[in-house]
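Asker: Next comes the structure file input.pdb, holding PDB, C-alpha atoms.
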ATOM      1  CA  MET A   1      57.423  98.351 -87.841
ATOM      2  CA  VAL A   2      56.974  95.222 -85.734
ATOM      3  CA  THR A   3      60.083  93.131 -85.134
ATOM      4  CA  LEU A   4      59.757  89.486 -84.199
ATOM      5  CA  VAL A   5      62.697  87.269 -83.402
ATOM      6  CA  CYS A   6      62.483  83.769 -81.996
ATOM      7  CA  MET A   7      64.098  83.528 -78.606
ATOM      8  CA  SER A   8      65.166  79.939 -79.216
ATOM      9  CA  ASN A   9      68.169  78.716 -81.158
ATOM     10  CA  THR A  10      68.170  79.792 -84.827
ATOM     11  CA  ASN A  11      69.790  76.471 -85.732
ATOM     12  CA  TYR A  12      66.375  75.007 -86.531
ATOM     13  CA  ALA A  13      67.351  71.335 -86.579
ATOM     14  CA  SER A  14      68.810  71.554 -83.068
ATOM     15  CA  ARG A  15      65.606  72.919 -81.530
ATOM     16  CA  LEU A  16      64.100  70.419 -79.128
ATOM     17  CA  THR A  17      60.744  72.154 -78.779
ATOM     18  CA  ALA A  18      58.503  74.613 -80.614
ATOM     19  CA  ASP A  19      57.337  77.966 -79.213
ATOM     20  CA  ILE A  20      54.575  80.420 -80.163
ATOM     21  CA  TYR A  21      54.875  84.206 -79.765
ATOM     22  CA  ALA A  22      52.409  87.083 -80.130
ATOM     23  CA  ALA A  23      53.097  90.019 -82.460
ATOM     24  CA  ASP A  24      54.282  92.082 -79.474
ATOM     25  CA  GLY A  25      56.970  89.464 -78.790
ATOM     26  CA  SER A  26      55.353  87.983 -75.701
ATOM     27  CA  GLU A  27      55.570  84.224 -75.351
ATOM     28  CA  ILE A  28      52.203  82.505 -75.632
ATOM     29  CA  THR A  29      53.349  78.935 -75.197
ATOM     30  CA  ALA A  30      56.612  77.008 -75.094
ATOM     31  CA  GLY A  31      57.772  73.427 -75.016
ATOM     32  CA  LEU A  32      55.501  72.064 -77.733
ATOM     33  CA  GLN A  33      56.404  68.980 -79.746
ATOM     34  CA  PRO A  34      58.323  70.134 -82.857
ATOM     35  CA  SER A  35      57.256  69.262 -86.385
ATOM     36  CA  ARG A  36      59.635  66.313 -86.671
ATOM     37  CA  PHE A  37      57.431  64.491 -84.135
ATOM     38  CA  CYS A  38      53.908  65.709 -84.864
ATOM     39  CA  ASP A  39      51.706  68.633 -85.946
ATOM     40  CA  GLU A  40      50.931  69.818 -82.387
ATOM     41  CA  ALA A  41      52.691  73.183 -82.732
ATOM     42  CA  ILE A  42      51.297  74.218 -86.117
ATOM     43  CA  ASN A  43      47.782  73.094 -85.220
ATOM     44  CA  LEU A  44      47.852  75.057 -81.965
ATOM     45  CA  ALA A  45      49.375  78.115 -83.661
ATOM     46  CA  ARG A  46      46.562  78.114 -86.234
ATOM     47  CA  GLU A  47      43.926  77.736 -83.520
ATOM     48  CA  LEU A  48      45.395  80.527 -81.365
ATOM     49  CA  ALA A  49      45.874  82.892 -84.323
ATOM     50  CA  ALA A  50      42.195  82.456 -85.243
ATOM     51  CA  GLU A  51      41.031  82.895 -81.624
ATOM     52  CA  ARG A  52      43.139  86.027 -81.113
ATOM     53  CA  ASN A  53      42.576  87.323 -84.667
ATOM     54  CA  GLU A  54      46.275  88.155 -85.004
ATOM     55  CA  THR A  55      49.312  86.813 -86.794
ATOM     56  CA  LEU A  56      51.549  84.764 -84.506
ATOM     57  CA  LEU A  57      55.148  83.607 -84.752
ATOM     58  CA  LEU A  58      55.805  79.873 -84.546
ATOM     59  CA  CYS A  59      59.433  78.922 -83.877
ATOM     60  CA  ASP A  60      59.728  75.296 -84.899
ATOM     61  CA  ASP A  61      62.456  72.824 -85.816
ATOM     62  CA  ASP A  62      61.822  73.377 -89.528
ATOM     63  CA  GLY A  63      62.004  77.185 -89.356
ATOM     64  CA  ASP A  64      60.193  80.257 -88.114
ATOM     65  CA  TRP A  65      56.650  80.702 -89.393
ATOM     66  CA  LEU A  66      54.126  83.520 -89.353
ATOM     67  CA  VAL A  67      50.707  81.999 -88.789
ATOM     68  CA  ALA A  68      47.782  84.197 -89.862
ATOM     69  CA  PRO A  69      44.247  84.093 -88.427
ATOM     70  CA  ASP A  70      43.055  82.427 -91.646
ATOM     71  CA  GLY A  71      45.545  79.582 -91.082
ATOM     72  CA  LYS A  72      47.996  80.633 -93.786
ATOM     73  CA  CYS A  73      51.636  79.999 -92.842
ATOM     74  CA  THR A  74      54.536  81.988 -94.265
ATOM     75  CA  GLN A  75      58.138  81.104 -93.519
ATOM     76  CA  THR A  76      60.052  84.076 -92.131
ATOM     77  CA  VAL A  77      63.618  85.180 -92.578
ATOM     78  CA  ALA A  78      65.119  84.785 -89.103
ATOM     79  CA  GLU A  79      67.988  87.165 -89.808
ATOM     80  CA  THR A  80      65.697  90.156 -90.309
ATOM     81  CA  GLY A  81      62.830  89.376 -87.947
ATOM     82  CA  ASP A  82      60.868  91.946 -89.972
ATOM     83  CA  LEU A  83      57.175  91.072 -89.750
ATOM     84  CA  ASP A  84      56.107  93.945 -92.015
ATOM     85  CA  ALA A  85      58.436  92.870 -94.827
ATOM     86  CA  VAL A  86      57.281  89.267 -94.612
ATOM     87  CA  LEU A  87      53.599  90.257 -94.569
ATOM     88  CA  GLU A  88      54.105  92.504 -97.615
ATOM     89  CA  THR A  89      55.462  89.556 -99.616
ATOM     90  CA  ALA A  90      52.900  87.018 -98.320
TER      91      ALA A  90
END
Here is a file; write its structure as structure tokens.
Answerer:
Amino acid sequence: MVTLVCMSNTNYASRLTADIYAADGSEITAGLQPSRFCDEAINLARELAAERNETLLLCDDDGDWLVAPDGKCTQTVAETGDLDAVLETA
């Protein structure tokens, strides 16, 4: 089982930036403009997921999202951080 948990505040609306993490939990990028300002974070997450051919975790001000290599985004349940469970239901 792979466990992913955003390192930033789980109070989504109070997040000032968006961050992208790899499936192993390593931070890929931080400090991106959150979705309330623009689509920078989601666009970059989709691009990086395709380049790396792996599902990434985007922690944004509107929630935590799994971003697949095909560009599909699935909102996660922050309390569980269970990537396998989310992927099974996606």
Asker: Taking the file as I've supplied it (selection: the PyMOL selection byres ((chain A and resi 41-58) around 8)), which residues are included? Please answer as a list in words.
Answerer: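 When the PyMOL selection byres ((chain A and resi 41-58) around 8) is applied to the shown file, the picked residues are Leu4, Cys6, Ala18, Asp19, Ile20, Tyr21, Ala22, Ala23, Leu32, Gln33, Pro34, Ser35, Cys38, Asp39, Glu40, Cys59, Asp60, Asp64, Trp65, Leu66, Val67, Ala68, Pro69, Asp70 and Gly71 of chain A.
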Asker: One decimal, in Å: what's the spacing between atom CA of A:Thr29 and atom CA of A:Cys73?
Answerer: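 Between atom CA of A:Thr29 and atom CA of A:Cys73 the gap is 17.8 Å.
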Asker: Given 5 Å of margin on each side, can you work out the centre and size in Å (one decimal) of an axis-aligned box holding every listed atom of stretch 60-79 of chain A, as lines of an AutoDock Vina configuration file?
Answerer:
center_x = 55.5
center_y = 80.0
center_z = -89.6
size_x = 34.9
size_y = 24.3
size_z = 19.4
